[in-house]
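J.: Below is the structure I would like to discuss, written out as structure tokens.
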There are 2 protein chains.
Amino acid sequence: MSPKITTELLKQLRQVMKNPKYVQEPVQAYIVPSGDAHQSEYIAPCDCRRAFISGFDGSAGTAIVTEQHAAMWTDGRYFLQAAHQMDNNWTLMKMGLKDTPTQEDWLVSVLPEGSKVGVDPFIIPADQWKRMSKALRSAGHDLVPVKENLIDTIWTDCPQRPCKPLIMLDLSYTGVSWRDKIVALRSKMAERKVMWFVVTALDEVAWLFNLRGSDVEYNPVFFAYAVIGMNTIRLFIDGDRMMDPAVREHLQLDSTLEPEFKIQVMPYGSILSELQAVGAGLSPKEKVWLSDKASYALTEAIPKAYRYLTPYTPICIAKAVKNVSETEGMRRAHIKDAVALCELFNWLEKEVPKGTVTEIIAADKAEEFRSQQKDFVELSFATISSTGPNGAIIHYKPVPETNRTLSVNEIYLLDSGAQYKDGTTDVTRTMHFGTPSAYEKECFTYVLKGHIAVSAAIFPNGTKGHLLDSFARSALWDCGLDYLHGTGHGVGSFLNVHEGPCGISYKTFADEPLEAGMIVSDEPGYYEDGSFGIRIENVVLVIPAETKYNFKNRGSLTFEPLTLVPIQTKMIDVNLLTQKECNWVNDYHQKCREVVGAELERQGRHEALQWLIRETEPLVRVQ
Amino acid sequence: MSPKITTELLKQLRQVMKNPKYVQEPVQAYIVPSGDAHQSEYIAPCDCRRAFISGFDGSAGTAIVTEQHAAMWTDGRYFLQAAHQMDNNWTLMKMGLKDTPTQEDWLVSVLPEGSKVGVDPFIIPADQWKRMSKALRSAGHDLVPVKENLIDTIWTDCPQRPCKPLIMLDLSYTGVSWRDKIVALRSKMAERKVMWFVVTALDEVAWLFNLRGSDVEYNPVFFAYAVIGMNTIRLFIDGDRMMDPAVREHLQLDSTLEPEFKIQVMPYGSILSELQAVGAGLSPKEKVWLSDKASYALTEAIPKAYRYLTPYTPICIAKAVKNVSETEGMRRAHIKDAVALCELFNWLEKEVPKGTVTEIIAADKAEEFRSQQKDFVELSFATISSTGPNGAIIHYKPVPETNRTLSVNEIYLLDSGAQYKDGTTDVTRTMHFGTPSAYEKECFTYVLKGHIAVSAAIFPNGTKGHLLDSFARSALWDCGLDYLHGTGHGVGSFLNVHEGPCGISYKTFADEPLEAGMIVSDEPGYYEDGSFGIRIENVVLVIPAETKYNFKNRGSLTFEPLTLVPIQTKMIDVNLLTQKECNWVNDYHQKCREVVGAELERQGRHEALQWLIRETEPLVRVQ
């Protein structure tokens with residue numbers, strides 16, 4: 001990896017920072033955040049502006065360019081990568097280290113008095129704008145919105161914004177029609193006494209209209225906004241996608257509908273002016289509901305007194321609770337995914353000893369097997385296929401420079417998943433194709449104990465996921481071990497593999513309570529730098545639990561694994577398990593054998609079926 | 001309990017709300033918060049203004065009086081009590097219920113346009129002022145500080161502010177001289193680049209100067225403020241307490257000291273004007289450090305740009321980490337406390353069957369035995385002595401109207417503690433003096449399992465206490481049970497029995513990480529309304545843990561119980577315990593027998609010793 005040479009680009013950027021064609025007054029600094037206008041986690045190539053200006057293409061990072069300096073803030077996952085990808089024009093700001101200044105503090109330390117700091121108001125979330133603006137103002141500077149994105153003005157070969165065809169999901173997949181979703185949303189709006197709701201997150205637009213797209217890799221979403229009033233529906237979307245008769249039919253664009261269900265289709269780019277018009281026409285007490293992570297531009301379109309901001313929107317919360325059609329779809333998707341992985345692991349068992357399988361080949365093979373399954377659309381994220389020391393790099397993605405050959409002497413970690421039309425999968429298995437050491441088995445077994453502790457946990461209705469995080473760590477903690485990431489994230493239903501508002505992590509406190517129908521991952525791990533990584537991940541469904549008593553009639557919840565892929569028993573030190581844990585593993589494997597076995601049989605995949613049967617032999621614990 | 005008749009009082013209050021002698025402009029509403037000027041949890045009689053105006057004397061509640069209305073906000077613990085104690089002039093606002101308006105919303109709904117809402121700026125914490133003021137302003141009203149407390153103007157027989165003699169603690173108790181504490185504080189101030197630190201919490205003043213008082217019941221504190229500069233020390237304190245030669249000696253008031261250790265003693269009431277003088281004399285970049293819970297009056301004395309506010313002060317954090325002298329003192333105090341409780345329980349075992357012991361008698365007897373111990377000062381909180389259904393009232397305190405007789409048919413719960421000159425205790429034991437039912441034993445054993453899960457937990461250095469809370473609940477959750485309070489609170493060293501900044505609770509996220517030397521309680525419970533309450537509470541010390549591995553060299557922590565009082569084995573269903581839990585109980589009892597046994601022996605308390613030996617017989621688990 002050689003760094004991107006940015007001298008000329010920075011020169012051009014510094015020129016446009018003073019060019020009255022783009023800025024009302026010259027700006028002394030320009031901020032280039034990571035995200036897109038929808039605060040997406042994954043972004044389209046045309047939105048990779050920070051990577052374009054700096055060369056650093058990790059998933060998190062903020063660039064700030066002043067007349068003299070260019071600095072990049074990123075976190076521990078990316079220190080090495082950013083240092084490799086950026087040239088000497090850039091200073092790397094290692095977030096989380098004690099001596100690293102915040103962006104605000106650094107700006108204050110380098111800017112001349114009374115400076116203007118520019119940022120694209122569509123890219124910066126309103127809550128970040130507020131914090132940054134306050135800090136700068138108290139030091140005598142100003143944060144100013146620069147309408148035209150300055151990177152775009154110098155990015156001559158910027159790719160086009162994608163505008164791919166839409167996929168319609170019928171009731172058998174979604175369980176609820178878009179009309180009924182609108183009705184439910186309006187009832188939430190009425191409860192909170194708001195008149196308008198602005199849908200800014202791409203997965204929320206997709207979910208609301210039962211549509212999917214492929215504008216962003218791995219995420220079946222499309223670029224659009226929506227503004228829902230009590231009597232109007234406006235969908236802001238570009239291209240000729242609305243010319244497709246099937247889409248028109250799905251959205252009933254040409255039907256005679258009650259006016260409150262008539263969708264007005266408008267250009268994607270007109271959201272701001274339309275929202276400003278809404279803002280200007282509000283009567284007292286007419287509130288507009290927005291996510292507090294919506295862009296500064298859209299938030300500002302609504303006068304402050306009329307804004308109703310929440311961290312999680314009603315769509316985000318409704319989307320998280322899957323209905324029966326969605327959970328049945330997720331089950332089907334996970335069975336197909338398990339079939340593909342049984343094939344893969346059976347293949348790896350035979351091929352790895354030959355010394356010809358690299359991390360990339362294994363990842364490609366996994367994709368090949370998945371793509372053979374019905375309704376496969378694409379992967380749900382970049383496959384983490386890592387062996388030996390690469391397994392300790394938590395967000396590893398094999399590239400030719402790092403590509404390692406799988407062997408019978410190293411642990412192999414595969415974290416992968418797919419989008420099927422009926423569901424989204426995300427599974428991690430850690431395997432050894434030779435003989436694991438006692439220490440590797442010990443560590444694996446602690447991680448397994450943590451996985452089981454969460455998966456089998458029973459907890460009251462209304463419990464937030466972060467309260468379960470320590471269960472996943474307890475066995476590791478007892479031996480002085482730990483892992484430095486959260487334990488689980490929400491998973492969409494043929495939507496983003498990471499979604500809010502629930503999860504299992506010590507890092508948050510603001511997650512929404514778990515309720516039956518929510519789907520999260522359960523993925524504790526253990527990583528030893530330079531030697532190996534272990535992670536065991538299932539996607540699990542929150543279900544009601546039967547308990548002996550029922551305190552205050554609250555009811556209890558537990559998890560049901562949707563992922564049905566064997567956990568390699570060779571890696572388990574069975575004497576470290578309690579009888580209860582041992583039973584959990586055996587019951588889980590029994591279910592894998594029955595459910596996935598039947599599907600392997602149906603698909604005529606006999607060799608993989610034999611592999612599954614071998615791998616799901618019950619553990620026996622020495623009493 | 002008959003309600004207090006407040007018609008006349010409210011009439012008087014409404015008059016002074018318009019009296020130009022007290023208010024610049026009439027106020028249409030007046031807020032009477034619970035606290036004192038130091039945001040203390042326990043307050044002196046002269047500060048019980050809310051109880052005076054309303055009759056309701058629970059520990060939490062805010063009264064608001066307008067021209068037409070009088071309303072009281074309190075939480076679920078006090079709905080019944082408040083309803084009993086207040087007359088028809090008052091509306092009870094049940095906090096936590098869905099339909100109960102917030103104070104702000106209620107004010108907005110009842111006030112005429114453009115109203116002024118008054119509050120004593122010394123009583124309201126700055127963060128609450130900010131929230132309230134913002135809400136009122138956005139509805140066209142104003143929150144205004146009323147210098148003279150309006151309740152005090154009508155409270156003709158208001159008790160005097162206490163001004164009791166001080167207790168000096170020498171190095172054998174505190175381990176660190178007040179001079180060294182000042183030096184350490186100044187180094188924290190230098191780190192954060194602040195020039196002044198304002199000490200507003202009473203326990204922080206007491207800790208800093210190695211002094212104790214008895215101005216507030218159960219809390220060995222005295223009314224005072226301090227302002228620490230880089231070269232000056234000002235102590236604001238009233239009365240002739242500074243005339244005591246021992247105090248003068250302790251504070252070296254008459255010695256020739258380096259000027260930066262010379263304490264200037266000033267009247268308690270001069271804090272505001274002195275702080276305003278400090279505020280007026282600040283040069284740019286000279287910051288003043290205050291707790292964000294300091295009163296609005298003191299916070300406002302410092303111009304906004306010069307304030308440095310944190311949720312926990314450096315004194316709060318330093319105070320929480322006990323040094324060797326303090327932990328040794330705490331150990332001694334807990335041994336003495338255990339002696340008293342062995343005597344009590346031995347006595348109860350003999351007396352309860354006679355049917356003559358009431359909750360109040362038992363509480364008094366506990367105090368009597370404690371007061372026989374060396375360096376006993378007072379109780380550390382009002383004894384919770386509760387039998388049968390009273391045990392389910394979590395903050396119960398026996399009064400003649402509710403006083404119940406202990407019997408061999410009911411569970412008895414005793415939550416009590418004392419202030420000794422060498423330490424503060426807080427212990428809960430739940431006993432049965434007859435034969436507990438299988439169900440009672442089952443519930444008790446789940447609570448015990450939770451208690452052990454926390455006490456024996458091993459966790460990485462830097463872990464916050466709230467991450468351990470679920471360990472205490474897991475066994476209860478498995479059976480559909482739970483308890484509706486946190487699991488633990490920080491405990492002072494001959495100081496407040498509740499102190500920050502650490503604790504073990506699902507309710508908070510902002511606690512400071514646990515570190516070796518911190519002391520917290522571990523007190524899970526289970527309560528069945530109308531029948532019984534169970535709680536098992538030890539005070540535990542955070543200590544380093546030995547572990548097999550040491551991930552990233554972080555080190556691990558665990559707890560050592562300081563409380564050494566037997567846990568009634570009669571209440572344990574041993575078959576519900578794992579072998580590890582059974583061993584924990586036996587090891588704990590072995591330690592109680594050895595350590596407390598030796599002290600009982602030394603004190604010649606042979607009958608109690610026999611009781612201790614009986615109660616610490618090892619459990620045997622049927623394999």
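Identifiers in the structure tokens: chain A, B, ... in order shown; residue index from 1 per chain; ligand index from 1 in order shown.
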Could you list the residues in chain B lying within 8 Å of chain A, using only C-alpha atoms, and format the result as a ChimeraX atom specification?
T.: /B:457-460,467-471,474,477-482,506,509,547-551,555-556
J.: Generate a file of the selected residues that holds N, CA and C atoms, formatted as a CSV table (one decimal), in the first residue's frame.
T.:
chain,number,residue,atom,x,y,z
B,457,ALA,N,-17.4,-11.7,41.9
B,457,ALA,CA,-17.1,-11.4,40.5
B,457,ALA,C,-15.6,-10.9,40.4
B,458,ILE,N,-15.1,-11.3,39.3
B,458,ILE,CA,-13.7,-10.8,38.9
B,458,ILE,C,-13.9,-10.0,37.6
B,459,PHE,N,-13.3,-8.8,37.5
B,459,PHE,CA,-13.6,-8.0,36.4
B,459,PHE,C,-12.4,-7.1,36.2
B,460,PRO,N,-12.2,-6.6,34.9
B,460,PRO,CA,-11.0,-5.8,34.6
B,460,PRO,C,-11.0,-4.5,35.4
B,467,LEU,N,-21.9,-2.2,35.3
B,467,LEU,CA,-21.8,-3.4,34.5
B,467,LEU,C,-21.9,-4.7,35.3
B,468,LEU,N,-21.9,-4.6,36.6
B,468,LEU,CA,-22.0,-5.8,37.5
B,468,LEU,C,-23.4,-6.0,38.0
B,469,ASP,N,-24.3,-5.0,37.8
B,469,ASP,CA,-25.6,-5.1,38.3
B,469,ASP,C,-26.4,-6.3,37.9
B,470,SER,N,-26.3,-6.7,36.7
B,470,SER,CA,-27.1,-7.9,36.2
B,470,SER,C,-26.7,-9.2,36.9
B,471,PHE,N,-25.4,-9.3,37.3
B,471,PHE,CA,-24.9,-10.5,38.0
B,471,PHE,C,-25.8,-10.8,39.2
B,474,SER,N,-29.3,-12.3,38.0
B,474,SER,CA,-29.5,-13.4,37.1
B,474,SER,C,-30.2,-14.6,37.6
B,477,TRP,N,-33.9,-13.6,37.8
B,477,TRP,CA,-34.4,-13.5,36.5
B,477,TRP,C,-34.8,-14.9,35.9
B,478,ASP,N,-33.9,-15.8,36.2
B,478,ASP,CA,-34.1,-17.2,35.7
B,478,ASP,C,-35.5,-17.7,36.1
B,479,CYS,N,-36.0,-17.3,37.2
B,479,CYS,CA,-37.3,-17.8,37.7
B,479,CYS,C,-38.3,-16.7,37.6
B,480,GLY,N,-38.1,-15.7,36.8
B,480,GLY,CA,-39.1,-14.7,36.6
B,480,GLY,C,-39.2,-13.7,37.7
B,481,LEU,N,-38.2,-13.6,38.6
B,481,LEU,CA,-38.2,-12.7,39.7
B,481,LEU,C,-37.2,-11.5,39.5
B,482,ASP,N,-37.3,-10.5,40.4
B,482,ASP,CA,-36.5,-9.3,40.2
B,482,ASP,C,-36.7,-8.4,41.5
B,506,TYR,N,-28.3,-0.5,37.7
B,506,TYR,CA,-28.7,-0.5,36.3
B,506,TYR,C,-29.2,0.9,35.9
B,509,PHE,N,-25.2,5.4,34.3
B,509,PHE,CA,-24.2,5.1,33.3
B,509,PHE,C,-23.0,5.9,33.6
B,547,THR,N,-5.5,-13.5,38.7
B,547,THR,CA,-6.1,-14.3,37.6
B,547,THR,C,-5.0,-15.1,36.9
B,548,LYS,N,-5.5,-16.1,36.2
B,548,LYS,CA,-4.6,-17.0,35.4
B,548,LYS,C,-3.8,-16.2,34.3
B,549,TYR,N,-4.6,-15.3,33.6
B,549,TYR,CA,-4.0,-14.5,32.6
B,549,TYR,C,-4.2,-13.0,32.9
B,550,ASN,N,-3.6,-12.2,32.1
B,550,ASN,CA,-3.7,-10.7,32.4
B,550,ASN,C,-3.7,-10.0,31.0
B,551,PHE,N,-4.9,-9.9,30.4
B,551,PHE,CA,-5.2,-9.3,29.1
B,551,PHE,C,-4.7,-7.9,29.1
B,555,GLY,N,-4.9,-5.9,34.5
B,555,GLY,CA,-5.1,-6.2,35.9
B,555,GLY,C,-6.6,-6.4,36.1
B,556,SER,N,-6.9,-7.2,37.2
B,556,SER,CA,-8.3,-7.5,37.5
B,556,SER,C,-8.6,-7.1,39.0
J.: Compile the contact shell of Val199 in chain A as a list in words: residues with an atom at most 9 Å away, counting only C-alpha atoms, same-chain residues fewer than 4 positions apart removed.
T.: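 Skipping anything fewer than 4 positions along the chain leaves Glu204, Val205, Ala224, Tyr225, Ala226, Val227, Ile228, Trp289, Leu290, Ser291, Ala294, Thr313 and Ile315 of chain A.
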J.: Can those selected residues be exported to a file as a PDB file, in the first residue's frame so that it contains N, CA and C atoms?
T.:
ATOM      1  N   GLU A 204     -34.813   3.332   6.695  1.00  0.00           N
ATOM      2  CA  GLU A 204     -36.164   3.650   7.158  1.00  0.00           C
ATOM      3  C   GLU A 204     -37.093   3.932   5.973  1.00  0.00           C
ATOM      4  N   VAL A 205     -36.564   4.617   4.950  1.00  0.00           N
ATOM      5  CA  VAL A 205     -37.376   4.839   3.747  1.00  0.00           C
ATOM      6  C   VAL A 205     -37.716   3.491   3.104  1.00  0.00           C
ATOM      7  N   ALA A 224     -33.106   8.149  -1.157  1.00  0.00           N
ATOM      8  CA  ALA A 224     -34.435   8.742  -1.104  1.00  0.00           C
ATOM      9  C   ALA A 224     -34.661   9.372   0.269  1.00  0.00           C
ATOM     10  N   TYR A 225     -35.571  10.304   0.320  1.00  0.00           N
ATOM     11  CA  TYR A 225     -36.109  10.829   1.576  1.00  0.00           C
ATOM     12  C   TYR A 225     -37.627  10.681   1.517  1.00  0.00           C
ATOM     13  N   ALA A 226     -38.253  10.801   2.653  1.00  0.00           N
ATOM     14  CA  ALA A 226     -39.714  10.889   2.630  1.00  0.00           C
ATOM     15  C   ALA A 226     -40.167  11.886   3.684  1.00  0.00           C
ATOM     16  N   VAL A 227     -41.264  12.555   3.398  1.00  0.00           N
ATOM     17  CA  VAL A 227     -41.880  13.443   4.387  1.00  0.00           C
ATOM     18  C   VAL A 227     -43.335  13.015   4.519  1.00  0.00           C
ATOM     19  N   ILE A 228     -43.673  12.572   5.718  1.00  0.00           N
ATOM     20  CA  ILE A 228     -45.025  12.066   5.941  1.00  0.00           C
ATOM     21  C   ILE A 228     -45.818  13.083   6.756  1.00  0.00           C
ATOM     22  N   TRP A 289     -41.245  16.084  13.327  1.00  0.00           N
ATOM     23  CA  TRP A 289     -40.437  15.047  13.980  1.00  0.00           C
ATOM     24  C   TRP A 289     -39.257  14.674  13.082  1.00  0.00           C
ATOM     25  N   LEU A 290     -38.064  14.767  13.656  1.00  0.00           N
ATOM     26  CA  LEU A 290     -36.838  14.393  12.932  1.00  0.00           C
ATOM     27  C   LEU A 290     -35.959  13.579  13.880  1.00  0.00           C
ATOM     28  N   SER A 291     -35.123  12.740  13.316  1.00  0.00           N
ATOM     29  CA  SER A 291     -34.074  12.098  14.107  1.00  0.00           C
ATOM     30  C   SER A 291     -33.080  13.173  14.546  1.00  0.00           C
ATOM     31  N   ALA A 294     -30.356  13.570  12.043  1.00  0.00           N
ATOM     32  CA  ALA A 294     -30.592  14.098  10.699  1.00  0.00           C
ATOM     33  C   ALA A 294     -29.589  15.204  10.414  1.00  0.00           C
ATOM     34  N   THR A 313     -36.234   7.118  15.852  1.00  0.00           N
ATOM     35  CA  THR A 313     -37.509   7.489  15.252  1.00  0.00           C
ATOM     36  C   THR A 313     -38.508   6.352  15.470  1.00  0.00           C
ATOM     37  N   ILE A 315     -40.070   4.856  13.241  1.00  0.00           N
ATOM     38  CA  ILE A 315     -39.836   3.836  12.203  1.00  0.00           C
ATOM     39  C   ILE A 315     -38.700   2.923  12.640  1.00  0.00           C
TER      40      ILE A 315
END
J.: Quick one: pick out all helix (DSSP H, G or I) residues within range 407-557 of chain A from a backbone DSSP run and write them as a ChimeraX atom specification.
T.: /A:438-455,465-478,551-553
J.: Quick one: residues within 12 Å of Thr102 in chain A, only C-alpha atoms, excluding same-chain residues fewer than 2 positions away - as a compact mmCIF listing (two decimals) with C-alpha atoms, in the first residue's frame?
T.:
# COMPACT_ATOMS: atom_id res chain seq x y z
CA THR A 62 -12.92 12.96 9.81
CA ILE A 64 -10.00 18.82 8.50
CA ALA A 71 -5.39 16.42 9.81
CA MET A 72 -7.27 13.14 10.06
CA TRP A 73 -9.07 11.85 13.17
CA THR A 74 -9.68 8.14 13.32
CA MET A 93 -4.89 12.27 15.02
CA LYS A 94 -5.18 9.08 17.02
CA MET A 95 -8.53 9.25 18.78
CA GLY A 96 -8.71 7.66 22.19
CA LEU A 97 -5.07 8.44 23.04
CA LYS A 98 -4.57 10.81 25.93
CA ASP A 99 -2.60 13.48 24.10
CA THR A 100 -4.73 13.64 20.97
CA GLU A 104 -12.54 21.53 18.28
CA ASP A 105 -9.46 22.00 20.46
CA TRP A 106 -7.13 21.48 17.53
CA LEU A 107 -9.02 23.99 15.38
CA VAL A 108 -8.89 26.54 18.17
CA SER A 109 -5.14 25.99 18.52
CA ARG A 131 -21.36 20.68 19.62
CA MET A 132 -18.77 21.89 17.13
CA ALA A 135 -17.00 25.13 20.90
CA LEU A 136 -15.84 27.27 18.00
J.: Show me, as a ChimeraX atom specification, the residues that have an atom within 10 Å of range 493-497 of chain A when counting only C-alpha atoms, minus same-chain residues fewer than 4 positions from it.
T.: /A:40-42,169,173-174,202-204,206-207,212-213,218-221,319-322,326-327,329-330,333,377,379-381,417-426,489,519-521
J.: Given the choices A:Thr66, A:Gln264, A:Gln12, A:Ser172, which gets closest to Asp152 in chain A if the distance is worked out from only C-alpha atoms?
T.: A:Gln12
J.: Which polymer residues have any atom within 12 Å of an atom of Tyr308 in chain A, counting only C-alpha atoms, with same-chain residues fewer than 2 positions away left out, as a list in words?
T.: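 Non-adjacent residues within range: Met189, Arg192, Lys193, Val194, Met195, Trp196, Phe197, Val198, Lys285, Glu286, Lys287, Val288, Trp289, Leu290, Ser291, Asp292, Ala294, Thr299, Ile302, Pro303, Lys304, Ala305, Tyr306, Thr310, Pro311, Tyr312 and Thr313 of chain A.
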J.: Considering only strand (DSSP E) as DSSP defines it on the backbone, what residues of range 212-378 of chain B qualify? List them as a PyMOL selection string.
T.: chain B and resi 212+224-229+233-237+263-266+287-291+307-310+376-378
J.: Using only C-alpha atoms, which of A:Leu9, A:Met230, A:Val408, A:Val585 sits nearest Lys354 in chain A?
T.: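 That would be A:Val408, the residue with the smallest distance to Lys354 in chain A.
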J.: Using only C-alpha atoms, determine which residues lie at most 12 Å from Val595 in chain A, disregarding the query and same-chain residues fewer than 6 positions distant; provide the list as a PyMOL selection string.
T.: chain A and resi 331-332+334-336+338-339+562-566+588-589+601-602+609+612-613
